[in-house]
file target_20.pdb (PDB, C-alpha atoms)
ATOM      1  CA  MET A   1       0.000   0.000   0.000
ATOM      2  CA  ASN A   2       1.119   3.501  -0.779
ATOM      3  CA  LYS A   3      -0.132   6.534   1.084
ATOM      4  CA  LEU A   4      -0.026  10.188   0.080
ATOM      5  CA  ALA A   5      -0.997  13.069   2.355
ATOM      6  CA  ILE A   6      -2.013  16.454   0.967
ATOM      7  CA  GLY A   7      -2.908  18.760   3.815
ATOM      8  CA  ASP A   8      -5.649  17.035   5.804
ATOM      9  CA  VAL A   9      -6.523  14.635   2.952
ATOM     10  CA  THR A  10      -4.922  11.203   2.562
ATOM     11  CA  ILE A  11      -4.985   8.936  -0.455
ATOM     12  CA  THR A  12      -4.136   5.281   0.040
ATOM     13  CA  SER A  13      -3.920   2.548  -2.567
ATOM     14  CA  ILE A  14      -5.182  -0.900  -1.668
ATOM     15  CA  ILE A  15      -3.801  -3.509  -4.032
ATOM     16  CA  GLU A  16      -5.862  -6.445  -5.191
ATOM     17  CA  ARG A  17      -3.261  -7.883  -7.561
ATOM     18  CA  ASP A  18       0.200  -6.748  -8.604
ATOM     19  CA  GLY A  19       2.995  -8.172 -10.683
ATOM     20  CA  PRO A  20       3.791  -9.738 -14.046
ATOM     21  CA  TRP A  21       0.572 -10.729 -15.756
ATOM     22  CA  ARG A  22       0.513 -11.062 -19.525
ATOM     23  CA  THR A  23       2.988 -10.927 -22.370
ATOM     24  CA  PRO A  24       2.822  -7.895 -24.661
ATOM     25  CA  GLU A  25       1.468 -10.189 -27.411
ATOM     26  CA  GLU A  26      -1.452 -11.185 -25.174
ATOM     27  CA  MET A  27      -2.246  -7.613 -24.213
ATOM     28  CA  PHE A  28      -1.849  -5.873 -27.531
ATOM     29  CA  PRO A  29      -3.332  -7.664 -30.577
ATOM     30  CA  LYS A  30      -1.237  -5.649 -33.047
ATOM     31  CA  TYR A  31       1.997  -6.033 -31.081
ATOM     32  CA  ASP A  32       5.088  -6.108 -33.290
ATOM     33  CA  PRO A  33       7.874  -8.134 -31.596
ATOM     34  CA  GLU A  34      10.653  -6.300 -33.427
ATOM     35  CA  ILE A  35       9.426  -2.880 -32.341
ATOM     36  CA  GLY A  36       8.698  -4.283 -28.876
ATOM     37  CA  ARG A  37      12.245  -5.556 -28.360
ATOM     38  CA  ARG A  38      13.598  -2.078 -29.074
ATOM     39  CA  HIS A  39      11.363  -0.467 -26.471
ATOM     40  CA  LEU A  40      10.752  -3.076 -23.760
ATOM     41  CA  ALA A  41      14.362  -2.978 -22.549
ATOM     42  CA  GLU A  42      13.912   0.723 -21.773
ATOM     43  CA  LEU A  43      10.761   0.250 -19.711
ATOM     44  CA  ASP A  44      10.847   0.553 -15.958
ATOM     45  CA  ARG A  45      10.479  -2.746 -14.053
ATOM     46  CA  GLU A  46       7.165  -1.473 -12.655
ATOM     47  CA  VAL A  47       5.826  -1.708 -16.220
ATOM     48  CA  PHE A  48       7.667  -4.687 -17.736
ATOM     49  CA  ASP A  49       9.273  -7.683 -16.045
ATOM     50  CA  SER A  50      12.126  -8.755 -18.294
ATOM     51  CA  ALA A  51      12.659 -12.044 -16.391
ATOM     52  CA  SER A  52       9.160 -13.321 -17.220
ATOM     53  CA  GLY A  53       8.673 -11.308 -20.416
ATOM     54  CA  LYS A  54       5.351 -10.039 -19.068
ATOM     55  CA  MET A  55       3.766  -6.652 -18.561
ATOM     56  CA  VAL A  56       3.343  -5.698 -14.904
ATOM     57  CA  ILE A  57      -0.245  -4.861 -14.036
ATOM     58  CA  THR A  58      -1.561  -3.490 -10.753
ATOM     59  CA  TYR A  59      -5.232  -3.672  -9.838
ATOM     60  CA  GLN A  60      -5.930  -1.279  -7.007
ATOM     61  CA  THR A  61      -8.496   0.786  -5.191
ATOM     62  CA  TYR A  62      -7.850   4.267  -3.868
ATOM     63  CA  VAL A  63      -9.214   5.376  -0.509
ATOM     64  CA  VAL A  64      -9.498   9.138  -0.159
ATOM     65  CA  ARG A  65     -10.023  10.366   3.369
ATOM     66  CA  THR A  66     -11.060  13.939   3.974
ATOM     67  CA  PRO A  67     -12.054  15.464   7.316
ATOM     68  CA  LYS A  68     -15.701  14.821   6.368
ATOM     69  CA  HIS A  69     -15.788  11.811   4.032
ATOM     70  CA  THR A  70     -14.204   8.491   3.138
ATOM     71  CA  ILE A  71     -14.301   7.891  -0.609
ATOM     72  CA  LEU A  72     -13.447   4.724  -2.475
ATOM     73  CA  ILE A  73     -12.281   5.183  -6.072
ATOM     74  CA  ASP A  74     -12.837   2.042  -8.145
ATOM     75  CA  THR A  75     -13.385  -1.306  -6.473
ATOM     76  CA  CYS A  76     -11.262  -3.850  -8.401
ATOM     77  CA  THR A  77     -12.721  -7.246  -9.380
ATOM     78  CA  GLY A  78     -14.436  -8.287  -6.160
ATOM     79  CA  GLU A  79     -15.527 -11.713  -5.029
ATOM     80  CA  ASP A  80     -17.839 -14.487  -6.200
ATOM     81  CA  LYS A  81     -18.217 -12.971  -9.656
ATOM     82  CA  GLY A  82     -17.252 -16.190 -11.454
ATOM     83  CA  TYR A  83     -14.727 -14.541 -13.757
ATOM     84  CA  PRO A  84     -12.534 -16.938 -15.717
ATOM     85  CA  PRO A  85      -8.746 -16.741 -15.523
ATOM     86  CA  PRO A  86      -6.924 -14.460 -15.584
ATOM     87  CA  MET A  87      -9.572 -12.235 -13.918
ATOM     88  CA  ASP A  88     -10.302 -14.617 -11.022
ATOM     89  CA  PHE A  89      -8.045 -12.885  -8.518
ATOM     90  CA  PRO A  90      -8.006 -14.027  -4.894
ATOM     91  CA  LYS A  91     -10.142 -11.793  -2.684
ATOM     92  CA  LYS A  92      -7.953 -11.958   0.418
ATOM     93  CA  PRO A  93      -5.277  -9.385  -0.556
ATOM     94  CA  TRP A  94      -7.880  -6.679  -1.141
ATOM     95  CA  LEU A  95      -9.851  -7.543   1.988
ATOM     96  CA  ASP A  96      -6.653  -7.623   4.057
ATOM     97  CA  GLY A  97      -5.562  -4.247   2.675
ATOM     98  CA  PHE A  98      -8.981  -2.757   3.389
ATOM     99  CA  ALA A  99      -8.871  -4.041   6.979
ATOM    100  CA  ALA A 100      -5.254  -2.893   7.416
ATOM    101  CA  GLU A 101      -6.499   0.644   6.798
ATOM    102  CA  GLY A 102      -8.863   0.202   9.735
ATOM    103  CA  LEU A 103     -11.864   0.295   7.410
ATOM    104  CA  ARG A 104     -15.208  -1.459   7.571
ATOM    105  CA  PHE A 105     -17.609  -1.545   4.642
ATOM    106  CA  GLU A 106     -19.923   0.768   6.602
ATOM    107  CA  ASP A 107     -17.193   3.443   6.780
ATOM    108  CA  ILE A 108     -17.354   4.310   3.080
ATOM    109  CA  ASP A 109     -19.403   7.422   2.275
ATOM    110  CA  TYR A 110     -18.944   7.454  -1.509
ATOM    111  CA  VAL A 111     -17.909   4.899  -4.116
ATOM    112  CA  PHE A 112     -16.695   6.620  -7.264
ATOM    113  CA  CYS A 113     -16.363   4.407 -10.331
ATOM    114  CA  THR A 114     -14.124   5.855 -13.034
ATOM    115  CA  HIS A 115     -15.765   3.416 -15.460
ATOM    116  CA  LEU A 116     -17.633   0.146 -15.189
ATOM    117  CA  HIS A 117     -15.219  -2.499 -16.446
ATOM    118  CA  ILE A 118     -15.045  -5.548 -14.176
ATOM    119  CA  ASP A 119     -11.658  -4.575 -12.769
ATOM    120  CA  HIS A 120     -13.036  -1.212 -11.589
ATOM    121  CA  SER A 121     -16.432  -2.117 -10.156
ATOM    122  CA  GLY A 122     -16.260  -5.676  -8.809
ATOM    123  CA  TRP A 123     -16.447  -4.906  -5.105
ATOM    124  CA  ASN A 124     -19.514  -2.695  -5.659
ATOM    125  CA  THR A 125     -21.629  -5.715  -4.745
ATOM    126  CA  VAL A 126     -21.285  -8.895  -2.683
ATOM    127  CA  LEU A 127     -23.323 -12.069  -2.688
ATOM    128  CA  ARG A 128     -25.244 -12.448   0.582
ATOM    129  CA  ASN A 129     -27.846 -15.179   1.087
ATOM    130  CA  GLY A 130     -28.140 -15.684  -2.664
ATOM    131  CA  ARG A 131     -28.675 -11.985  -3.445
ATOM    132  CA  TRP A 132     -26.304  -9.339  -4.805
ATOM    133  CA  VAL A 133     -26.286  -6.408  -2.396
ATOM    134  CA  PRO A 134     -24.208  -3.216  -2.184
ATOM    135  CA  THR A 135     -20.916  -3.911  -0.441
ATOM    136  CA  PHE A 136     -20.802  -0.460   1.108
ATOM    137  CA  PRO A 137     -24.304  -0.084   2.559
ATOM    138  CA  LYS A 138     -24.086   3.568   3.589
ATOM    139  CA  ALA A 139     -22.268   4.774   0.477
ATOM    140  CA  LYS A 140     -23.596   6.803  -2.375
ATOM    141  CA  TYR A 141     -22.386   5.174  -5.590
ATOM    142  CA  ILE A 142     -21.270   7.580  -8.314
ATOM    143  CA  PHE A 143     -21.132   6.601 -12.003
ATOM    144  CA  HIS A 144     -20.961   8.648 -15.150
ATOM    145  CA  GLU A 145     -24.487   8.800 -16.556
ATOM    146  CA  ARG A 146     -23.527   7.853 -20.129
ATOM    147  CA  GLU A 147     -21.268   5.023 -18.948
ATOM    148  CA  TYR A 148     -24.062   3.600 -16.827
ATOM    149  CA  ALA A 149     -26.568   3.970 -19.685
ATOM    150  CA  ALA A 150     -24.236   2.191 -22.109
ATOM    151  CA  TRP A 151     -23.992  -0.818 -19.811
ATOM    152  CA  GLU A 152     -27.743  -0.794 -19.181
ATOM    153  CA  ASP A 153     -28.335  -0.829 -22.943
ATOM    154  CA  SER A 154     -25.974  -3.792 -23.386
ATOM    155  CA  THR A 155     -27.954  -6.104 -21.090
TER     156      THR A 155
END
call {"tool": "encode", "arguments": {"input": "target_20.pdb", "output": "C-alpha cells"}}
result
Amino acid sequence: MNKLAIGDVTITSIIERDGPWRTPEEMFPKYDPEIGRRHLAELDREVFDSASGKMVITYQTYVVRTPKHTILIDTCTGEDKGYPPPMDFPKKPWLDGFAAEGLRFEDIDYVFCTHLHIDHSGWNTVLRNGRWVPTFPKAKYIFHEREYAAWEDST
C-alpha cells in the first residue's frame, strides 16, 4: 500500500493484484515483436518484467479520506463474480488491505467508479444469502451517466 498526504486529505492505494501478468502479445493484438524488443528494454520494471517477459499490471483501489468523508475510487474485481482466468483474482489481498487501513464496509461514504469495467467495479456488490447487495451499505455510488446507460443498454 502507498499513502499520500495532501494537507488534511490522505490517499491510500489498496492492491488487489500486482505483478507480471501477460505478455505484450497477449495484451496488444497488433503487437510487433521487433518494435517491442527495441522499447521493452527501456521500460521501468514497474511496467515490464524482463525475467518473465510479461507486462506488470496493478489492480488497485484508492481510498481518499477527507475530514468529512471516506471515498473509495474504483473497487477492483471483487468476489464471487465467477470470472474466468486471468480475472479470477483471490479476494484476500484486497480484503486484508482494506482491513489494514482500519476500514469497515460501513465506513465508506462514496464509491466513485471511473468506469464500469469488471476490474473497476467488482467490489460494488457482494453475494449475501443468494442476493447481490451493495458492499458499502451507507455509500452513495457515483457513475458517469452515459457510462451507466451504455452498460444498461448492453444487457
call {"tool": "residues_around", "arguments": {"input": "target_20.pdb", "residues": "Pro67 of chain A", "least_positions_apart": "5", "cutoff": "10 Å", "atoms": "only C-alpha atoms", "output": "list in words"}}
result
Asp8, Val9 and Thr10 of chain A
call {"tool": "write_last_selection", "arguments": {"input": "target_20.pdb", "atoms": "C-alpha atoms", "output": "PDB file, in the frame of the given file"}}
result
ATOM      1  CA  ASP A   8      -5.649  17.035   5.804  1.00  0.00           C
ATOM      2  CA  VAL A   9      -6.523  14.635   2.952  1.00  0.00           C
ATOM      3  CA  THR A  10      -4.922  11.203   2.562  1.00  0.00           C
TER       4      THR A  10
END
call {"tool": "residues_near_point", "arguments": {"input": "target_20.pdb", "point": "(-11.5, -6.2, -6.0)", "cutoff": "9 Å", "atoms": "all atoms listed in the file", "output": "count of residues only"}}
result
25
call {"tool": "residues_around", "arguments": {"input": "target_20.pdb", "residues": "Thr135 of chain A", "least_positions_apart": "3", "cutoff": "12 Å", "atoms": "all atoms listed in the file", "output": "ChimeraX atom specification"}}
result
/A:72,75,78-79,95,104-111,121-128,131-132,138-141
call {"tool": "resolve_selection", "arguments": {"input": "target_20.pdb", "expression": "the PyMOL selection byres ((chain A and resi 25) around 12)", "output": "PyMOL selection string"}}
result
chain A and resi 21-24+26-37+53-55
call {"tool": "atom_distance", "arguments": {"input": "target_20.pdb", "atom1": "atom CA of Val56 of chain A", "atom2": "atom CA of Ile11 of chain A"}}
result
22.2 Å
call {"tool": "axis_aligned_box", "arguments": {"input": "target_20.pdb", "around": "segment 134-144 of chain A", "padding_each_side": "6 Å", "output": "AutoDock Vina command-line options"}}
result
--center_x -22.6 --center_y 2.4 --center_z -5.8 --size_x 15.5 --size_y 24.6 --size_z 30.7
call {"tool": "closest_residue", "arguments": {"input": "target_20.pdb", "among": "A:Glu145, A:Asp153, A:Asp18, A:Asp80", "to": "Glu46 of chain A", "atoms": "all atoms listed in the file"}}
result
A:Asp18
call {"tool": "atom_distance", "arguments": {"input": "target_20.pdb", "atom1": "atom CA of Phe143 of chain A", "atom2": "atom CA of Leu116 of chain A"}}
result
8.0 Å
call {"tool": "residues_around", "arguments": {"input": "target_20.pdb", "residues": "Arg146 of chain A", "least_positions_apart": "4", "cutoff": "12 Å", "atoms": "all atoms listed in the file", "output": "ChimeraX atom specification"}}
result
/A:114-116,150-153
call {"tool": "atom_distance", "arguments": {"input": "target_20.pdb", "atom1": "atom CA of Thr12 of chain A", "atom2": "atom CA of Ile142 of chain A"}}
result
19.2 Å
call {"tool": "resolve_selection", "arguments": {"input": "target_20.pdb", "expression": "the PyMOL selection byres ((chain A and resi 101) around 10)", "output": "ChimeraX atom specification"}}
result
/A:1,12-14,63,96-100,102-104
call {"tool": "build_atoms", "arguments": {"input": "target_20.pdb", "residues": "segment 10-32 of chain A", "atoms": "N, CA, C and O atoms", "output": "CSV table (one decimal), in the coordinates of the input"}}
result
chain,number,residue,atom,x,y,z
A,10,THR,N,-5.9,12.3,2.9
A,10,THR,CA,-4.9,11.2,2.6
A,10,THR,C,-5.5,10.4,1.5
A,10,THR,O,-6.7,10.2,1.4
A,11,ILE,N,-4.6,9.8,0.6
A,11,ILE,CA,-5.0,8.9,-0.5
A,11,ILE,C,-4.1,7.7,-0.3
A,11,ILE,O,-2.9,7.8,-0.2
A,12,THR,N,-4.8,6.6,-0.2
A,12,THR,CA,-4.1,5.3,0.0
A,12,THR,C,-4.5,4.3,-1.0
A,12,THR,O,-5.7,4.2,-1.4
A,13,SER,N,-3.6,3.6,-1.6
A,13,SER,CA,-3.9,2.5,-2.6
A,13,SER,C,-4.0,1.2,-1.8
A,13,SER,O,-3.2,0.9,-0.9
A,14,ILE,N,-5.0,0.5,-2.2
A,14,ILE,CA,-5.2,-0.9,-1.7
A,14,ILE,C,-5.1,-1.8,-2.9
A,14,ILE,O,-5.9,-1.7,-3.8
A,15,ILE,N,-4.1,-2.7,-2.9
A,15,ILE,CA,-3.8,-3.5,-4.0
A,15,ILE,C,-4.5,-4.8,-4.0
A,15,ILE,O,-4.5,-5.5,-3.0
A,16,GLU,N,-5.2,-5.1,-5.1
A,16,GLU,CA,-5.9,-6.4,-5.2
A,16,GLU,C,-4.9,-7.5,-5.8
A,16,GLU,O,-4.8,-8.6,-5.4
A,17,ARG,N,-4.2,-7.0,-6.9
A,17,ARG,CA,-3.3,-7.9,-7.6
A,17,ARG,C,-2.2,-7.0,-8.2
A,17,ARG,O,-2.4,-6.0,-8.7
A,18,ASP,N,-0.9,-7.5,-8.1
A,18,ASP,CA,0.2,-6.7,-8.6
A,18,ASP,C,1.3,-7.7,-9.1
A,18,ASP,O,1.5,-8.7,-8.5
A,19,GLY,N,1.9,-7.4,-10.2
A,19,GLY,CA,3.0,-8.2,-10.7
A,19,GLY,C,2.9,-8.5,-12.1
A,19,GLY,O,1.9,-8.1,-12.8
A,20,PRO,N,3.8,-9.3,-12.7
A,20,PRO,CA,3.8,-9.7,-14.0
A,20,PRO,C,2.5,-10.5,-14.3
A,20,PRO,O,2.0,-11.3,-13.5
A,21,TRP,N,1.9,-10.2,-15.5
A,21,TRP,CA,0.6,-10.7,-15.8
A,21,TRP,C,0.5,-11.4,-17.1
A,21,TRP,O,0.2,-12.5,-17.3
A,22,ARG,N,0.7,-10.6,-18.2
A,22,ARG,CA,0.5,-11.1,-19.5
A,22,ARG,C,1.7,-10.6,-20.4
A,22,ARG,O,2.2,-9.5,-20.1
A,23,THR,N,2.0,-11.4,-21.4
A,23,THR,CA,3.0,-10.9,-22.4
A,23,THR,C,2.4,-9.8,-23.2
A,23,THR,O,1.2,-9.6,-23.3
A,24,PRO,N,3.3,-9.0,-23.8
A,24,PRO,CA,2.8,-7.9,-24.7
A,24,PRO,C,1.9,-8.4,-25.8
A,24,PRO,O,0.9,-7.8,-26.2
A,25,GLU,N,2.3,-9.6,-26.3
A,25,GLU,CA,1.5,-10.2,-27.4
A,25,GLU,C,0.0,-10.5,-27.0
A,25,GLU,O,-0.9,-10.3,-27.7
A,26,GLU,N,-0.1,-10.9,-25.7
A,26,GLU,CA,-1.5,-11.2,-25.2
A,26,GLU,C,-2.2,-9.9,-24.9
A,26,GLU,O,-3.5,-9.9,-25.0
A,27,MET,N,-1.6,-8.9,-24.6
A,27,MET,CA,-2.2,-7.6,-24.2
A,27,MET,C,-2.6,-6.7,-25.4
A,27,MET,O,-3.6,-6.0,-25.4
A,28,PHE,N,-1.7,-6.8,-26.4
A,28,PHE,CA,-1.8,-5.9,-27.5
A,28,PHE,C,-1.9,-6.7,-28.8
A,28,PHE,O,-0.9,-7.2,-29.3
A,29,PRO,N,-3.1,-6.8,-29.4
A,29,PRO,CA,-3.3,-7.7,-30.6
A,29,PRO,C,-2.4,-7.3,-31.8
A,29,PRO,O,-2.0,-8.2,-32.5
A,30,LYS,N,-2.1,-6.1,-31.9
A,30,LYS,CA,-1.2,-5.6,-33.0
A,30,LYS,C,0.2,-5.5,-32.7
A,30,LYS,O,1.0,-4.8,-33.3
A,31,TYR,N,0.6,-6.1,-31.6
A,31,TYR,CA,2.0,-6.0,-31.1
A,31,TYR,C,3.0,-6.5,-32.1
A,31,TYR,O,2.8,-7.6,-32.7
A,32,ASP,N,4.0,-5.8,-32.4
A,32,ASP,CA,5.1,-6.1,-33.3
A,32,ASP,C,6.3,-6.5,-32.5
A,32,ASP,O,6.9,-5.6,-31.8
